[in-house]
Amino acid sequence: MSDVDAHLLIVDDDERIRGLLQKFLIRNGFLVSAARDAAHARRLLAGLDFDLIVLDVMMPGEDGISLTRDLRQTITTPILLLTAKGETEDRISGLEVGADDYLSKPFEPKELLLRINAILRRMPALTPEDTAPKVLSLGPIRYDVDRGELWRDNELVRLTATENQLMKIFAARPGEAISRANLVEDLGRDHGQAQERAVDVQITRLRRKIEHDPKQPRYLQTVRGAGYMLAPD
């Protein structure tokens, strides 16, 4: 997907911010729709497909965390949360329920643009149908590396864009421990302890999807002092 082909959904109850973001992103080549609250966003999502959602956390009525949690039951569209500066719990909560990234308010529009483009680049590319897929077996789980698909028996398991990118990173280096710092770098994030903590949250969520017992992981293992390792069958 070319970044400028993407259709974005902006969800923010502040009409001024919503309008400014919409104009800025349109000037940068995106198709942009805007919603004033969670209910409005749901109506748009019911009729349109989006490539990424930019979602404010603090909204009247249903907040961004609750909306993200609910959307993750049915869609894998990347979600970028806008959080109040210093609200660490909002950021962690957002990642735990399935957000792909977050940006603290106030922010520079250019940084938002860079983060949006980084997320879209992490989305799996479509591969030709005649390409022989490479599949990793994790007990009852199969991960099709080429298609970026995770299957439990005959059921497709939904992955967020970040979870899929993590699976691709691990699948390229099976049996090899990858440090949290290297994972942050491979995901295209800024360096720092906060981002390493965010990786830990994403690993926890990914284990829930591939492990029989996420608290005692068999396939996505923690290697003390070295990082994380994918150990397929």
# chains A, B, ... in the order shown; residues from 1 in each chain; ligands from 1
$ closest_atom_pairs --of "segment 136-190 of chain A" --to "segment 91-114 of chain A" --cutoff "9 Å" --atoms "only C-alpha atoms" --output "CSV"
residue,atom,partner,partner_atom,distance
A:Thr160,CA,A:Gly98,CA,6.9
A:Ala161,CA,A:Asp100,CA,6.8
A:Thr162,CA,A:Asp100,CA,5.7
A:Glu163,CA,A:Asp100,CA,8.4
$ closest_atom_pairs --of "segment 68-178 of chain A" --to "segment 183-193 of chain A" --cutoff "8 Å" --atoms "only C-alpha atoms" --output "JSON lines"
{"residue": "A:Ala118", "atom": "CA", "partner": "A:Gly188", "partner_atom": "CA", "distance": 6.7}
{"residue": "A:Arg122", "atom": "CA", "partner": "A:Leu187", "partner_atom": "CA", "distance": 7.7}
{"residue": "A:Thr162", "atom": "CA", "partner": "A:Leu187", "partner_atom": "CA", "distance": 7.7}
{"residue": "A:Gln165", "atom": "CA", "partner": "A:Leu187", "partner_atom": "CA", "distance": 7.2}
{"residue": "A:Leu166", "atom": "CA", "partner": "A:Leu187", "partner_atom": "CA", "distance": 7.6}
{"residue": "A:Ile169", "atom": "CA", "partner": "A:Asp186", "partner_atom": "CA", "distance": 7.5}
{"residue": "A:Ile178", "atom": "CA", "partner": "A:Leu183", "partner_atom": "CA", "distance": 6.8}
$ write_last_selection --atoms "N, CA, C and O atoms" --output "PDB file, in the first residue's frame"
ATOM      1  N   ALA A 118       4.852   5.401   9.323  1.00  0.00           N
ATOM      2  CA  ALA A 118       5.590   4.257   9.866  1.00  0.00           C
ATOM      3  C   ALA A 118       4.659   3.072  10.096  1.00  0.00           C
ATOM      4  O   ALA A 118       4.999   1.920   9.799  1.00  0.00           O
ATOM      5  N   ARG A 122       4.377  -0.790   8.082  1.00  0.00           N
ATOM      6  CA  ARG A 122       4.450  -2.080   8.767  1.00  0.00           C
ATOM      7  C   ARG A 122       3.334  -3.030   8.345  1.00  0.00           C
ATOM      8  O   ARG A 122       3.357  -4.207   8.690  1.00  0.00           O
ATOM      9  N   THR A 162       0.995  -4.173  14.451  1.00  0.00           N
ATOM     10  CA  THR A 162       2.226  -4.326  15.230  1.00  0.00           C
ATOM     11  C   THR A 162       2.480  -5.788  15.567  1.00  0.00           C
ATOM     12  O   THR A 162       3.621  -6.265  15.504  1.00  0.00           O
ATOM     13  N   GLN A 165       3.838  -7.413  12.516  1.00  0.00           N
ATOM     14  CA  GLN A 165       5.234  -7.046  12.289  1.00  0.00           C
ATOM     15  C   GLN A 165       6.163  -7.799  13.231  1.00  0.00           C
ATOM     16  O   GLN A 165       7.239  -8.260  12.837  1.00  0.00           O
ATOM     17  N   LEU A 166       5.747  -7.955  14.491  1.00  0.00           N
ATOM     18  CA  LEU A 166       6.553  -8.736  15.436  1.00  0.00           C
ATOM     19  C   LEU A 166       6.697 -10.177  14.971  1.00  0.00           C
ATOM     20  O   LEU A 166       7.795 -10.755  15.025  1.00  0.00           O
ATOM     21  N   ILE A 169       9.222 -10.328  12.243  1.00  0.00           N
ATOM     22  CA  ILE A 169      10.580 -10.158  12.761  1.00  0.00           C
ATOM     23  C   ILE A 169      11.078 -11.471  13.357  1.00  0.00           C
ATOM     24  O   ILE A 169      12.187 -11.932  13.066  1.00  0.00           O
ATOM     25  N   ILE A 178      16.130 -12.041  20.355  1.00  0.00           N
ATOM     26  CA  ILE A 178      16.176 -10.667  19.838  1.00  0.00           C
ATOM     27  C   ILE A 178      15.925  -9.724  21.007  1.00  0.00           C
ATOM     28  O   ILE A 178      14.924  -9.853  21.716  1.00  0.00           O
TER      29      ILE A 178
END
$ atom_distance --atom1 "atom CA of Leu31 of chain A" --atom2 "atom CA of Gln202 of chain A"
28.6 Å
$ atom_distance --atom1 "atom CA of Ala172 of chain A" --atom2 "atom CA of Leu150 of chain A"
15.3 Å
$ select_by_dssp --residues "chain A" --states "strand (DSSP E or B)" --output "ChimeraX atom specification"
/A:7-11,31-35,52-56,79-84,101-105,135-138,141-144,149-152,155-157,178,220-223,227-230
$ residues_around --residues "segment 208-223 of chain A" --least-positions-apart "3" --cutoff "8 Å" --atoms "only C-alpha atoms" --output "list in words"
Leu138, Ile141, Val157, Ala177, Thr204, Arg205, Ala226, Gly227, Tyr228, Met229, Leu230, Ala231 and Pro232 of chain A
$ residues_around --residues "Ala6 of chain A" --least-positions-apart "3" --cutoff "12 Å" --atoms "only C-alpha atoms" --output "MDAnalysis selection string"
chainID A and resid 1:3 9 25:26 28:33 49:53 77:78 116:117 119:121 123
$ write_last_selection --atoms "N, CA and C atoms" --output "PDB file, in the first residue's frame"
ATOM      1  N   MET A   1       0.837  -1.190   0.000  1.00  0.00           N
ATOM      2  CA  MET A   1       0.000   0.000   0.000  1.00  0.00           C
ATOM      3  C   MET A   1       0.876   1.246   0.000  1.00  0.00           C
ATOM      4  N   SER A   2       0.611   2.173  -0.905  1.00  0.00           N
ATOM      5  CA  SER A   2       1.270   3.469  -0.850  1.00  0.00           C
ATOM      6  C   SER A   2       0.632   4.286   0.252  1.00  0.00           C
ATOM      7  N   ASP A   3       1.451   4.990   1.027  1.00  0.00           N
ATOM      8  CA  ASP A   3       0.910   5.768   2.135  1.00  0.00           C
ATOM      9  C   ASP A   3      -0.164   6.729   1.670  1.00  0.00           C
ATOM     10  N   LEU A   9      -9.261   7.582   9.342  1.00  0.00           N
ATOM     11  CA  LEU A   9     -10.391   8.045  10.136  1.00  0.00           C
ATOM     12  C   LEU A   9      -9.852   8.789  11.351  1.00  0.00           C
ATOM     13  N   LEU A  25      -3.741  16.388   6.889  1.00  0.00           N
ATOM     14  CA  LEU A  25      -3.511  15.065   6.311  1.00  0.00           C
ATOM     15  C   LEU A  25      -3.979  14.991   4.863  1.00  0.00           C
ATOM     16  N   ILE A  26      -5.036  15.708   4.522  1.00  0.00           N
ATOM     17  CA  ILE A  26      -5.474  15.773   3.126  1.00  0.00           C
ATOM     18  C   ILE A  26      -4.403  16.444   2.277  1.00  0.00           C
ATOM     19  N   ASN A  28      -1.379  16.265   2.703  1.00  0.00           N
ATOM     20  CA  ASN A  28      -0.283  15.316   2.557  1.00  0.00           C
ATOM     21  C   ASN A  28      -0.679  14.054   1.801  1.00  0.00           C
ATOM     22  N   GLY A  29      -1.805  14.125   1.100  1.00  0.00           N
ATOM     23  CA  GLY A  29      -2.135  13.090   0.142  1.00  0.00           C
ATOM     24  C   GLY A  29      -3.072  11.991   0.609  1.00  0.00           C
ATOM     25  N   PHE A  30      -3.566  12.079   1.845  1.00  0.00           N
ATOM     26  CA  PHE A  30      -4.447  11.030   2.363  1.00  0.00           C
ATOM     27  C   PHE A  30      -5.910  11.337   2.048  1.00  0.00           C
ATOM     28  N   LEU A  31      -6.700  10.291   1.987  1.00  0.00           N
ATOM     29  CA  LEU A  31      -8.148  10.421   2.073  1.00  0.00           C
ATOM     30  C   LEU A  31      -8.490  10.437   3.557  1.00  0.00           C
ATOM     31  N   VAL A  32      -9.308  11.376   3.997  1.00  0.00           N
ATOM     32  CA  VAL A  32      -9.551  11.526   5.440  1.00  0.00           C
ATOM     33  C   VAL A  32     -11.032  11.714   5.716  1.00  0.00           C
ATOM     34  N   SER A  33     -11.557  10.890   6.628  1.00  0.00           N
ATOM     35  CA  SER A  33     -12.888  11.087   7.189  1.00  0.00           C
ATOM     36  C   SER A  33     -12.729  11.437   8.661  1.00  0.00           C
ATOM     37  N   ASP A  49     -14.327   1.099   4.787  1.00  0.00           N
ATOM     38  CA  ASP A  49     -13.083   0.469   5.223  1.00  0.00           C
ATOM     39  C   ASP A  49     -12.000   1.533   5.338  1.00  0.00           C
ATOM     40  N   PHE A  50     -11.253   1.498   6.440  1.00  0.00           N
ATOM     41  CA  PHE A  50     -10.180   2.465   6.653  1.00  0.00           C
ATOM     42  C   PHE A  50      -8.853   1.724   6.791  1.00  0.00           C
ATOM     43  N   ASP A  51      -7.776   2.435   6.437  1.00  0.00           N
ATOM     44  CA  ASP A  51      -6.441   1.858   6.549  1.00  0.00           C
ATOM     45  C   ASP A  51      -5.796   2.169   7.890  1.00  0.00           C
ATOM     46  N   LEU A  52      -6.280   3.201   8.589  1.00  0.00           N
ATOM     47  CA  LEU A  52      -5.737   3.562   9.900  1.00  0.00           C
ATOM     48  C   LEU A  52      -6.718   4.487  10.606  1.00  0.00           C
ATOM     49  N   ILE A  53      -6.778   4.344  11.936  1.00  0.00           N
ATOM     50  CA  ILE A  53      -7.644   5.185  12.756  1.00  0.00           C
ATOM     51  C   ILE A  53      -6.779   5.997  13.709  1.00  0.00           C
ATOM     52  N   THR A  77      -7.653  -3.071  11.818  1.00  0.00           N
ATOM     53  CA  THR A  77      -7.198  -1.768  11.328  1.00  0.00           C
ATOM     54  C   THR A  77      -6.259  -1.119  12.339  1.00  0.00           C
ATOM     55  N   PRO A  78      -5.093  -0.652  11.907  1.00  0.00           N
ATOM     56  CA  PRO A  78      -4.172  -0.003  12.855  1.00  0.00           C
ATOM     57  C   PRO A  78      -4.826   1.182  13.563  1.00  0.00           C
ATOM     58  N   ILE A 116       2.124   7.937  11.357  1.00  0.00           N
ATOM     59  CA  ILE A 116       1.131   7.313  10.483  1.00  0.00           C
ATOM     60  C   ILE A 116       1.827   6.552   9.358  1.00  0.00           C
ATOM     61  N   ASN A 117       2.797   7.205   8.726  1.00  0.00           N
ATOM     62  CA  ASN A 117       3.514   6.547   7.630  1.00  0.00           C
ATOM     63  C   ASN A 117       4.277   5.321   8.112  1.00  0.00           C
ATOM     64  N   ILE A 119       3.467   3.320  10.627  1.00  0.00           N
ATOM     65  CA  ILE A 119       2.502   2.243  10.857  1.00  0.00           C
ATOM     66  C   ILE A 119       2.064   1.625   9.532  1.00  0.00           C
ATOM     67  N   LEU A 120       1.771   2.472   8.548  1.00  0.00           N
ATOM     68  CA  LEU A 120       1.316   1.949   7.257  1.00  0.00           C
ATOM     69  C   LEU A 120       2.397   1.117   6.575  1.00  0.00           C
ATOM     70  N   ARG A 121       3.664   1.491   6.777  1.00  0.00           N
ATOM     71  CA  ARG A 121       4.747   0.699   6.186  1.00  0.00           C
ATOM     72  C   ARG A 121       4.863  -0.670   6.836  1.00  0.00           C
ATOM     73  N   MET A 123       2.357  -2.512   7.631  1.00  0.00           N
ATOM     74  CA  MET A 123       1.265  -3.379   7.196  1.00  0.00           C
ATOM     75  C   MET A 123       1.788  -4.403   6.202  1.00  0.00           C
TER      76      MET A 123
END
$ atom_distance --atom1 "atom CA of Gln22 of chain A" --atom2 "atom CA of Leu55 of chain A"
12.7 Å
$ select_by_dssp --residues "chain A" --states "helix (DSSP H, G or I)" --output "JSON, numbers by chain"
{"A": [3, 4, 5, 15, 16, 17, 18, 19, 20, 21, 22, 23, 24, 25, 26, 27, 38, 39, 40, 41, 42, 43, 44, 45, 46, 47, 64, 65, 66, 67, 68, 69, 70, 71, 88, 89, 90, 91, 92, 93, 94, 95, 96, 109, 110, 111, 112, 113, 114, 115, 116, 117, 118, 119, 120, 121, 122, 161, 162, 163, 164, 165, 166, 167, 168, 169, 170, 171, 172, 180, 181, 182, 183, 184, 185, 186, 193, 194, 195, 196, 197, 198, 199, 200, 201, 202, 203, 204, 205, 206, 207, 208, 209, 210]}
$ residues_around --residues "Val135 of chain A" --least-positions-apart "6" --cutoff "7 Å" --atoms "only C-alpha atoms" --output "ChimeraX atom specification"
/A:142-145
$ write_last_selection --atoms "N, CA, C and O atoms" --output "mmCIF file, in the first residue's frame"
data_model
loop_
_atom_site.group_PDB
_atom_site.id
_atom_site.type_symbol
_atom_site.label_atom_id
_atom_site.label_comp_id
_atom_site.auth_asym_id
_atom_site.auth_seq_id
_atom_site.Cartn_x
_atom_site.Cartn_y
_atom_site.Cartn_z
ATOM 1 N N ARG A 142 -0.599 -21.967 13.072
ATOM 2 C CA ARG A 142 0.235 -21.856 11.882
ATOM 3 C C ARG A 142 0.355 -20.377 11.519
ATOM 4 O O ARG A 142 -0.653 -19.661 11.499
ATOM 5 N N TYR A 143 1.588 -19.934 11.234
ATOM 6 C CA TYR A 143 1.785 -18.558 10.785
ATOM 7 C C TYR A 143 2.311 -18.559 9.369
ATOM 8 O O TYR A 143 3.397 -19.074 9.097
ATOM 9 N N ASP A 144 1.523 -18.018 8.452
ATOM 10 C CA ASP A 144 1.902 -17.895 7.053
ATOM 11 C C ASP A 144 2.688 -16.592 6.914
ATOM 12 O O ASP A 144 2.118 -15.501 6.953
ATOM 13 N N VAL A 145 3.999 -16.718 6.758
ATOM 14 C CA VAL A 145 4.881 -15.548 6.755
ATOM 15 C C VAL A 145 4.589 -14.637 5.565
ATOM 16 O O VAL A 145 4.524 -13.414 5.703
#
$ decode --residues "segment 135-188 of chain A" --atoms "C-alpha atoms" --output "mmCIF file, in the first residue's frame"
data_model
loop_
_atom_site.group_PDB
_atom_site.id
_atom_site.type_symbol
_atom_site.label_atom_id
_atom_site.label_comp_id
_atom_site.auth_asym_id
_atom_site.auth_seq_id
_atom_site.Cartn_x
_atom_site.Cartn_y
_atom_site.Cartn_z
ATOM 1 C CA VAL A 135 4.554 -21.475 7.189
ATOM 2 C CA LEU A 136 5.762 -21.765 10.778
ATOM 3 C CA SER A 137 4.105 -24.322 13.060
ATOM 4 C CA LEU A 138 3.484 -23.437 16.701
ATOM 5 C CA GLY A 139 1.509 -26.419 17.965
ATOM 6 C CA PRO A 140 -2.064 -25.911 16.723
ATOM 7 C CA ILE A 141 -1.084 -22.465 15.413
ATOM 8 C CA ARG A 142 0.235 -21.856 11.882
ATOM 9 C CA TYR A 143 1.785 -18.558 10.785
ATOM 10 C CA ASP A 144 1.902 -17.895 7.053
ATOM 11 C CA VAL A 145 4.881 -15.548 6.755
ATOM 12 C CA ASP A 146 4.183 -14.415 3.194
ATOM 13 C CA ARG A 147 0.547 -13.615 3.775
ATOM 14 C CA GLY A 148 0.972 -12.361 7.320
ATOM 15 C CA GLU A 149 -1.804 -14.659 8.539
ATOM 16 C CA LEU A 150 -2.082 -16.556 11.828
ATOM 17 C CA TRP A 151 -4.316 -19.625 11.887
ATOM 18 C CA ARG A 152 -5.560 -21.816 14.729
ATOM 19 C CA ASP A 153 -6.653 -24.989 12.964
ATOM 20 C CA ASN A 154 -9.049 -23.596 10.326
ATOM 21 C CA GLU A 155 -9.800 -20.337 12.135
ATOM 22 C CA LEU A 156 -8.033 -17.100 11.210
ATOM 23 C CA VAL A 157 -6.660 -15.325 14.304
ATOM 24 C CA ARG A 158 -6.812 -11.553 14.024
ATOM 25 C CA LEU A 159 -3.482 -9.744 14.429
ATOM 26 C CA THR A 160 -2.911 -6.020 14.760
ATOM 27 C CA ALA A 161 -0.358 -4.422 12.440
ATOM 28 C CA THR A 162 2.226 -4.326 15.230
ATOM 29 C CA GLU A 163 1.595 -7.957 16.225
ATOM 30 C CA ASN A 164 1.993 -8.984 12.599
ATOM 31 C CA GLN A 165 5.234 -7.046 12.289
ATOM 32 C CA LEU A 166 6.553 -8.736 15.436
ATOM 33 C CA MET A 167 5.680 -12.149 14.009
ATOM 34 C CA LYS A 168 7.529 -11.307 10.795
ATOM 35 C CA ILE A 169 10.580 -10.158 12.761
ATOM 36 C CA PHE A 170 10.655 -13.348 14.839
ATOM 37 C CA ALA A 171 9.850 -15.575 11.833
ATOM 38 C CA ALA A 172 12.890 -14.210 10.009
ATOM 39 C CA ARG A 173 15.127 -15.290 12.909
ATOM 40 C CA PRO A 174 13.577 -18.417 14.491
ATOM 41 C CA GLY A 175 15.438 -19.814 17.468
ATOM 42 C CA GLU A 176 17.396 -16.573 17.892
ATOM 43 C CA ALA A 177 16.975 -14.240 20.871
ATOM 44 C CA ILE A 178 16.176 -10.667 19.838
ATOM 45 C CA SER A 179 16.696 -7.883 22.355
ATOM 46 C CA ARG A 180 13.951 -5.441 23.252
ATOM 47 C CA ALA A 181 16.106 -2.601 21.895
ATOM 48 C CA ASN A 182 16.438 -4.371 18.544
ATOM 49 C CA LEU A 183 12.704 -5.024 18.433
ATOM 50 C CA VAL A 184 12.042 -1.328 19.051
ATOM 51 C CA GLU A 185 14.403 -0.473 16.193
ATOM 52 C CA ASP A 186 12.895 -3.059 13.828
ATOM 53 C CA LEU A 187 9.419 -1.721 14.581
ATOM 54 C CA GLY A 188 10.569 1.751 13.571
#
